[in-house]
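Peer 1: My questions will all concern the structure given below.
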Amino acid sequence: MDFFIHVLVIVMLYSSLAATLTVLVGHAGLFAMTHAAFYGIGAYSTALLTVVYDYGFIESVIIGSGISFFIATLVGSAMSRVKSEYYALASFGFMVVVFSILHNWSSVTKGVLGISGVPRPMIGNLQLKSDVEMLFVATALFFIVAAITFIISRSHFGRILRSIRDEQSILPLFGYNPAHYKMIIFTVTAVLVSITGSVYASYISFVTPSSFTLLESIFIMTIIILGGVNSIRGAFVGSLILVSLPELLRFVDFSIGSPDQLRLVIYGLVLVMVLYFKPTGLFGSRSI
Amino acid sequence: METFIQVLPQVLFLGSLYSILALGYSFLHGANRFFDITYATYIVVGAYSFFVLTSLGLPFFVTLLLVYALIIVCAFLFEGVIYRKLRARNTSDVSLMLVSFGLLTIVQGVISIFFTSNLQVLNPSTNNIIIGTLTFTQTQLSTIAILIILYLVSYILLHRTKFGTHFRAISENPSLSLSVGINVERTRIKAILISACVGATAGMLFGLDSRIYPFLGIDLLFKALIAAVISGLGSPIYGIFGGFILSITENTFAWYFLSEWKDALSFVILILLLMFRPSGIVKK
């Protein structure tokens, strides 16, 4: 049962990440592979601030979001200068740079060893402890993120994002600056992802750089491709399937390969199969 | 400064390797126009099949032939089965890139299952060749030699043969090439085969120099990409500049500053280039 709760928490966290990515990729058409970077920044901020500097959880979330916001403005403005065909490559680049920083700046991030002992959140006077309580937090976070995503997609802002995706060149004719909107959505999603990262850190109680690699960003991308790039429902279902499948495989005794290695094969297969057979994903209305 | 000279063989070796990688990638990019991550698959399959076949104790040239045969089969498999269908459906470039990445992930996963995720060491001959004050391993010298040969061959291929003209045409404008009567499909396939074999060669060379591991493909692909972007994506021949610039920059930085940040530096260079000069350093 405990294991089941644990898997659900992870599912909810990834659903939040995937939901934010649906706006970025599905609506705005920005193929940004930088999600894991901000996830990591949020997680590491909370980890460092609560463990080393004795901050409270909420403060660490706010500071972490602030750092992510700042970095997102830098990265976002750099990326908006890159032509659309190189956008993905540039975002790969940023992802690797952020990972290198987390990995190599050992004096601050403790490098490969990571930071452990991150406490569960203390909100006001309420100390959250159990996994079930964290499940509530993660689910609540998902609902908030999903709500924000939903509102954005149905709003005028969302319509502008979709025109960035479809026909960016006409926007200036109507008086909208695409770079401006790309920046906004990039920073907003970065902050949401960072908050999710903070929750992750305090749930798992330790952070290492290896959780925040390019592969991680691609994993989140796979989730939304499976679920449908512009569907929030898809973000949840995709996350449910892709997170729980490898965990379930732990119980099946495979004589070949470890769960981690099989996980790679599964993700690759899902990616290829979905794009080959059903490019719109389970619930999406557009293919990528 | 004396000790830096000792690193020179490595710098030259890596420069040659990166240039070879960039060359192979340019052929693929000209044929496929999207960021085809299949190149990484060719690299890693080449490296591992070489490893397996070498441990069987076959003569060297037989091993090479078998590796290339396998790579060619893979290329036909990937292109024919998967990409053709997707291209017919007008899939976006991003989706194609993702599919190629999915393929690589599957291959990486399968390789880690059968060979473990750890490093495997090939056993190269340990004859060191000394030129002046520098000591080269046989692999390093061979790589430099292979680079020179490959470049000469590529130059002749691209500028003195019909295939070369066709290839340069389709890498600039496929639809116009088609209307002029060039057999785009056939040229593409030839280019892809060249690219796959070059990539596999690079994988083998790298493996002979250090070691192989499942993620070798994507690491070397990034090097190829950075080298190719430095020199300008469209031109296979200029890739040589990119390769050496990358190698020199990386190693100088690693030598005088901090070696762990080497990769981050390469990517920062990439990002700056993509932002300010995506057509590369060489003026077209």
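Residues are named by chain letter and number: chains run A, B, ... in the order of the structure tokens, numbers start at 1 in each chain, and ligands are numbered from 1 in the order shown.
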Report the closest atom pair, with its distance in Å rounded to one decimal, for each residue of chain B that has an atom no farther than 10 Å from chain A; count only C-alpha atoms, sort by chain and then rising residue number, and write it as CSV.
Peer 2:
residue,atom,partner,partner_atom,distance
B:Arg33,CA,A:Glu85,CA,10.0
B:Phe34,CA,A:Glu85,CA,8.2
B:Phe35,CA,A:Leu89,CA,8.3
B:Ile82,CA,A:Tyr276,CA,7.9
B:Tyr83,CA,A:Tyr276,CA,9.4
B:Lys85,CA,A:Tyr276,CA,8.3
B:Leu86,CA,A:Tyr276,CA,6.9
B:Arg89,CA,A:Tyr276,CA,9.8
B:Thr91,CA,A:Ile288,CA,8.5
B:Ser92,CA,A:Ile288,CA,7.1
B:Asp93,CA,A:Glu85,CA,8.4
B:Val94,CA,A:Ile288,CA,7.3
B:Ser95,CA,A:Ile288,CA,6.3
B:Leu96,CA,A:Leu275,CA,8.5
B:Met97,CA,A:Ala88,CA,9.6
B:Leu98,CA,A:Leu271,CA,7.3
B:Val99,CA,A:Val272,CA,5.1
B:Ser100,CA,A:Val272,CA,8.0
B:Phe101,CA,A:Gly268,CA,7.5
B:Gly102,CA,A:Gly268,CA,4.0
B:Leu103,CA,A:Gly268,CA,6.0
B:Leu104,CA,A:Gly268,CA,7.4
B:Thr105,CA,A:Gly268,CA,4.9
B:Ile106,CA,A:Val265,CA,4.4
B:Val107,CA,A:Val265,CA,7.4
B:Gln108,CA,A:Leu264,CA,7.4
B:Gly109,CA,A:Val265,CA,4.9
B:Val110,CA,A:Val265,CA,6.6
B:Ile111,CA,A:Gln261,CA,8.9
B:Ser112,CA,A:Gln261,CA,6.3
B:Ile113,CA,A:Gly257,CA,4.7
B:Phe114,CA,A:Gly257,CA,7.5
B:Phe115,CA,A:Gly257,CA,9.6
B:Thr116,CA,A:Gly257,CA,8.2
B:Ser117,CA,A:Gln261,CA,8.3
B:Phe222,CA,A:Gly93,CA,9.3
B:Leu225,CA,A:Leu89,CA,9.1
B:Ile226,CA,A:Leu89,CA,9.9
B:Leu258,CA,A:Asn104,CA,9.8
B:Ser259,CA,A:Asn104,CA,9.9
B:Glu260,CA,A:Asn104,CA,6.5
B:Trp261,CA,A:Ser100,CA,6.8
B:Lys262,CA,A:Ser100,CA,9.2
B:Asp263,CA,A:Ser100,CA,7.7
B:Ala264,CA,A:Val97,CA,4.8
B:Leu265,CA,A:Val97,CA,7.9
B:Ser266,CA,A:Gly93,CA,8.8
B:Phe267,CA,A:Gly93,CA,5.2
B:Val268,CA,A:Gly93,CA,7.0
B:Ile269,CA,A:Gly93,CA,9.2
B:Leu270,CA,A:Gly93,CA,7.1
B:Ile271,CA,A:Ala90,CA,5.5
B:Leu272,CA,A:Ala78,CA,8.6
B:Leu273,CA,A:Val82,CA,9.2
B:Leu274,CA,A:Val82,CA,5.9
B:Met275,CA,A:Val82,CA,4.8
B:Phe276,CA,A:Arg81,CA,7.8
B:Arg277,CA,A:Val82,CA,9.4
B:Pro278,CA,A:Val82,CA,8.3
Peer 1: Keeping only C-alpha atoms, write those residues as a short mmCIF file (atom, residue, chain, number, x, y, z; two decimals), in the first residue's frame.
Peer 2:
data_model
loop_
_atom_site.label_atom_id
_atom_site.label_comp_id
_atom_site.auth_asym_id
_atom_site.auth_seq_id
_atom_site.Cartn_x
_atom_site.Cartn_y
_atom_site.Cartn_z
CA ARG B 33 17.15 18.15 -42.95
CA PHE B 34 16.06 17.57 -39.36
CA PHE B 35 18.22 16.92 -36.31
CA ILE B 82 10.16 4.03 -40.16
CA TYR B 83 11.09 7.22 -41.79
CA LYS B 85 6.15 6.05 -43.60
CA LEU B 86 6.44 9.09 -41.43
CA ARG B 89 2.50 11.52 -43.72
CA THR B 91 5.35 14.54 -40.07
CA SER B 92 6.93 17.62 -38.62
CA ASP B 93 10.67 17.89 -38.17
CA VAL B 94 10.29 17.87 -34.43
CA SER B 95 8.36 14.61 -34.49
CA LEU B 96 10.97 13.02 -36.72
CA MET B 97 13.65 14.11 -34.31
CA LEU B 98 11.67 12.59 -31.46
CA VAL B 99 11.21 9.32 -33.33
CA SER B 100 14.93 9.16 -33.99
CA PHE B 101 15.50 9.82 -30.34
CA GLY B 102 13.06 7.07 -29.42
CA LEU B 103 14.97 4.67 -31.64
CA LEU B 104 18.23 5.62 -30.00
CA THR B 105 16.73 5.11 -26.56
CA ILE B 106 15.51 1.65 -27.49
CA VAL B 107 18.93 0.72 -28.85
CA GLN B 108 20.67 2.20 -25.80
CA GLY B 109 18.36 0.25 -23.53
CA VAL B 110 18.92 -3.00 -25.36
CA ILE B 111 22.67 -2.46 -25.33
CA SER B 112 22.69 -1.75 -21.59
CA ILE B 113 20.73 -4.92 -20.99
CA PHE B 114 23.11 -7.11 -22.92
CA PHE B 115 26.37 -5.37 -22.19
CA THR B 116 25.63 -3.67 -18.85
CA SER B 117 25.70 0.09 -18.57
CA PHE B 222 26.59 16.35 -29.53
CA LEU B 225 26.61 18.84 -33.80
CA ILE B 226 28.72 21.44 -32.08
CA LEU B 258 38.66 23.09 -14.70
CA SER B 259 38.17 19.92 -16.63
CA GLU B 260 34.71 19.03 -15.35
CA TRP B 261 33.22 22.08 -16.97
CA LYS B 262 34.52 21.07 -20.37
CA ASP B 263 31.15 19.84 -21.60
CA ALA B 264 29.28 22.83 -20.29
CA LEU B 265 31.71 25.08 -22.12
CA SER B 266 31.12 23.27 -25.41
CA PHE B 267 27.42 23.78 -25.00
CA VAL B 268 27.77 27.41 -24.08
CA ILE B 269 29.70 27.86 -27.31
CA LEU B 270 26.89 26.07 -29.13
CA ILE B 271 24.22 28.26 -27.58
CA LEU B 272 26.12 31.45 -28.37
CA LEU B 273 26.60 30.32 -31.94
CA LEU B 274 22.94 29.42 -32.35
CA MET B 275 21.98 32.78 -30.97
CA PHE B 276 24.33 34.93 -32.95
CA ARG B 277 25.76 33.02 -35.86
CA PRO B 278 23.91 29.86 -36.73
#
Peer 1: Let's see if you can do this: from backbone DSSP, list all strand (DSSP E or B) residues in segment 51-248 of chain B, as a list in words.
Peer 2: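 Output for segment 51-248 of chain B, strand (DSSP E or B) only: Gln120, Asn128, Ile129, Ile130, Ile131, Leu134, Thr135, Phe136, Thr137 and Ile212 of chain B.
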Peer 1: With distances taken over only C-alpha atoms, which of B:Leu64, B:Ile281, B:Leu56, B:Leu119 is nearest to Phe215 of chain B?
Peer 2: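 Among the listed residues, the smallest separation from Phe215 of chain B belongs to B:Leu119.
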Peer 1: Would you pick out the contacts of Thr54 of chain B at 12 Å or less, using only C-alpha atoms, so that residues sharing its chain but fewer than 3 positions from it are not included, and give the list as a list in words?
Peer 2: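 So the residues in contact are Gly46, Ala47, Tyr48, Ser49, Phe50, Phe51, Gly57, Leu58, Pro59, Phe60, Phe61, Val62, Thr63, Leu64, Leu65, Leu66, Val67, Val121, Leu122, Asn123, Pro124, Met204, Gly207 and Leu208 of chain B.
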Peer 1: Those residues you just picked out, can you put them in a file as an mmCIF file, in the first residue's frame with N, CA, C and O atoms?
Peer 2:
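Saved the output as selection09.cif:
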data_model
loop_
_atom_site.group_PDB
_atom_site.id
_atom_site.type_symbol
_atom_site.label_atom_id
_atom_site.label_comp_id
_atom_site.auth_asym_id
_atom_site.auth_seq_id
_atom_site.Cartn_x
_atom_site.Cartn_y
_atom_site.Cartn_z
ATOM 1 N N GLY B 46 27.866 0.850 -34.230
ATOM 2 C CA GLY B 46 29.189 0.592 -34.803
ATOM 3 C C GLY B 46 30.194 0.209 -33.734
ATOM 4 O O GLY B 46 30.917 -0.787 -33.853
ATOM 5 N N ALA B 47 30.207 1.009 -32.672
ATOM 6 C CA ALA B 47 31.170 0.764 -31.613
ATOM 7 C C ALA B 47 30.964 -0.606 -30.971
ATOM 8 O O ALA B 47 31.905 -1.374 -30.788
ATOM 9 N N TYR B 48 29.730 -0.910 -30.616
ATOM 10 C CA TYR B 48 29.481 -2.165 -29.928
ATOM 11 C C TYR B 48 29.622 -3.381 -30.816
ATOM 12 O O TYR B 48 30.077 -4.437 -30.386
ATOM 13 N N SER B 49 29.212 -3.262 -32.087
ATOM 14 C CA SER B 49 29.367 -4.428 -32.961
ATOM 15 C C SER B 49 30.832 -4.700 -33.203
ATOM 16 O O SER B 49 31.264 -5.855 -33.282
ATOM 17 N N PHE B 50 31.627 -3.621 -33.284
ATOM 18 C CA PHE B 50 33.073 -3.798 -33.418
ATOM 19 C C PHE B 50 33.635 -4.524 -32.200
ATOM 20 O O PHE B 50 34.446 -5.443 -32.316
ATOM 21 N N PHE B 51 33.136 -4.132 -31.030
ATOM 22 C CA PHE B 51 33.565 -4.756 -29.789
ATOM 23 C C PHE B 51 33.248 -6.248 -29.782
ATOM 24 O O PHE B 51 34.094 -7.096 -29.486
ATOM 25 N N GLY B 57 37.580 -12.693 -32.314
ATOM 26 C CA GLY B 57 38.909 -13.014 -32.810
ATOM 27 C C GLY B 57 39.036 -13.100 -34.315
ATOM 28 O O GLY B 57 39.942 -13.730 -34.844
ATOM 29 N N LEU B 58 38.106 -12.452 -35.018
ATOM 30 C CA LEU B 58 38.205 -12.499 -36.476
ATOM 31 C C LEU B 58 39.298 -11.561 -36.962
ATOM 32 O O LEU B 58 39.676 -10.633 -36.266
ATOM 33 N N PRO B 59 39.768 -11.797 -38.162
ATOM 34 C CA PRO B 59 40.756 -10.873 -38.726
ATOM 35 C C PRO B 59 40.174 -9.463 -38.824
ATOM 36 O O PRO B 59 38.978 -9.305 -39.010
ATOM 37 N N PHE B 60 41.047 -8.509 -38.717
ATOM 38 C CA PHE B 60 40.628 -7.119 -38.592
ATOM 39 C C PHE B 60 39.730 -6.666 -39.733
ATOM 40 O O PHE B 60 38.677 -6.078 -39.531
ATOM 41 N N PHE B 61 40.139 -6.977 -40.977
ATOM 42 C CA PHE B 61 39.352 -6.461 -42.097
ATOM 43 C C PHE B 61 37.995 -7.137 -42.211
ATOM 44 O O PHE B 61 37.021 -6.531 -42.649
ATOM 45 N N VAL B 62 37.936 -8.399 -41.809
ATOM 46 C CA VAL B 62 36.646 -9.084 -41.814
ATOM 47 C C VAL B 62 35.709 -8.411 -40.822
ATOM 48 O O VAL B 62 34.526 -8.179 -41.098
ATOM 49 N N THR B 63 36.279 -8.091 -39.650
ATOM 50 C CA THR B 63 35.482 -7.410 -38.638
ATOM 51 C C THR B 63 34.922 -6.110 -39.181
ATOM 52 O O THR B 63 33.730 -5.823 -39.060
ATOM 53 N N LEU B 64 35.812 -5.340 -39.796
ATOM 54 C CA LEU B 64 35.368 -4.051 -40.334
ATOM 55 C C LEU B 64 34.235 -4.234 -41.330
ATOM 56 O O LEU B 64 33.210 -3.548 -41.264
ATOM 57 N N LEU B 65 34.418 -5.181 -42.239
ATOM 58 C CA LEU B 65 33.397 -5.411 -43.258
ATOM 59 C C LEU B 65 32.062 -5.768 -42.636
ATOM 60 O O LEU B 65 31.009 -5.271 -43.039
ATOM 61 N N LEU B 66 32.132 -6.637 -41.618
ATOM 62 C CA LEU B 66 30.895 -7.048 -40.969
ATOM 63 C C LEU B 66 30.220 -5.879 -40.268
ATOM 64 O O LEU B 66 28.993 -5.729 -40.305
ATOM 65 N N VAL B 67 31.043 -5.041 -39.627
ATOM 66 C CA VAL B 67 30.467 -3.877 -38.948
ATOM 67 C C VAL B 67 29.755 -2.981 -39.952
ATOM 68 O O VAL B 67 28.602 -2.579 -39.756
ATOM 69 N N VAL B 121 36.035 -2.054 -22.435
ATOM 70 C CA VAL B 121 37.272 -1.597 -23.049
ATOM 71 C C VAL B 121 37.653 -2.501 -24.199
ATOM 72 O O VAL B 121 37.693 -3.720 -24.068
ATOM 73 N N LEU B 122 37.888 -1.870 -25.305
ATOM 74 C CA LEU B 122 38.432 -2.626 -26.431
ATOM 75 C C LEU B 122 39.917 -2.744 -26.189
ATOM 76 O O LEU B 122 40.487 -1.972 -25.444
ATOM 77 N N ASN B 123 40.571 -3.686 -26.819
ATOM 78 C CA ASN B 123 42.000 -3.795 -26.572
ATOM 79 C C ASN B 123 42.796 -3.433 -27.797
ATOM 80 O O ASN B 123 43.041 -4.264 -28.652
ATOM 81 N N PRO B 124 43.154 -2.187 -27.870
ATOM 82 C CA PRO B 124 43.915 -1.792 -29.051
ATOM 83 C C PRO B 124 45.368 -2.219 -28.902
ATOM 84 O O PRO B 124 45.818 -2.570 -27.820
ATOM 85 N N MET B 204 33.957 3.489 -33.487
ATOM 86 C CA MET B 204 35.016 2.498 -33.296
ATOM 87 C C MET B 204 36.311 3.161 -32.853
ATOM 88 O O MET B 204 36.984 2.701 -31.937
ATOM 89 N N GLY B 207 36.122 4.272 -29.351
ATOM 90 C CA GLY B 207 36.189 3.108 -28.488
ATOM 91 C C GLY B 207 37.609 2.577 -28.355
ATOM 92 O O GLY B 207 38.052 2.202 -27.277
ATOM 93 N N LEU B 208 38.334 2.575 -29.470
ATOM 94 C CA LEU B 208 39.708 2.098 -29.420
ATOM 95 C C LEU B 208 40.583 3.008 -28.588
ATOM 96 O O LEU B 208 41.543 2.581 -27.961
#
Peer 1: Can you tell me which residues surround Ile245 of chain B at a distance of at most 8 Å, considering only C-alpha atoms, apart from same-chain residues fewer than 3 positions away, and format the answer as a PyMOL selection string?
Peer 2: chain B and resi 15+227+241-242+248-249
Peer 1: Can you check which residues of segment 71-245 of chain B DSSP gives as alpha helix (DSSP H) on the backbone and send them as a ChimeraX atom specification?
Peer 2: /B:71-77,84-88,93-115,138-160,162-172,174-180,184-209,216-231,239-245
Peer 1: Would you compute the distance between atom CA of Leu23 of chain B and atom CA of Ile237 of chain B? Give it in Å to one decimal.
Peer 2: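 Between atom CA of Leu23 of chain B and atom CA of Ile237 of chain B the gap is 6.9 Å.
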Peer 1: Find the distance between atom CA of Gly26 of chain A and atom CA of Asp166 of chain A and write it in Å to one decimal.
Peer 2: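 Here the two named atoms are 10.8 Å from each other.
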Peer 1: State, in Å with one decimal place, the distance from atom CA of Gly239 of chain B to atom CA of Ser19 of chain B.
Peer 2: 5.6 Å
Peer 1: Would you mind telling me which residue in B:Ile230, B:Leu205, B:Leu152, B:Val198 lies nearest to Gln140 of chain B when using only C-alpha atoms?
Peer 2: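 Nearest to Gln140 of chain B: B:Leu205.
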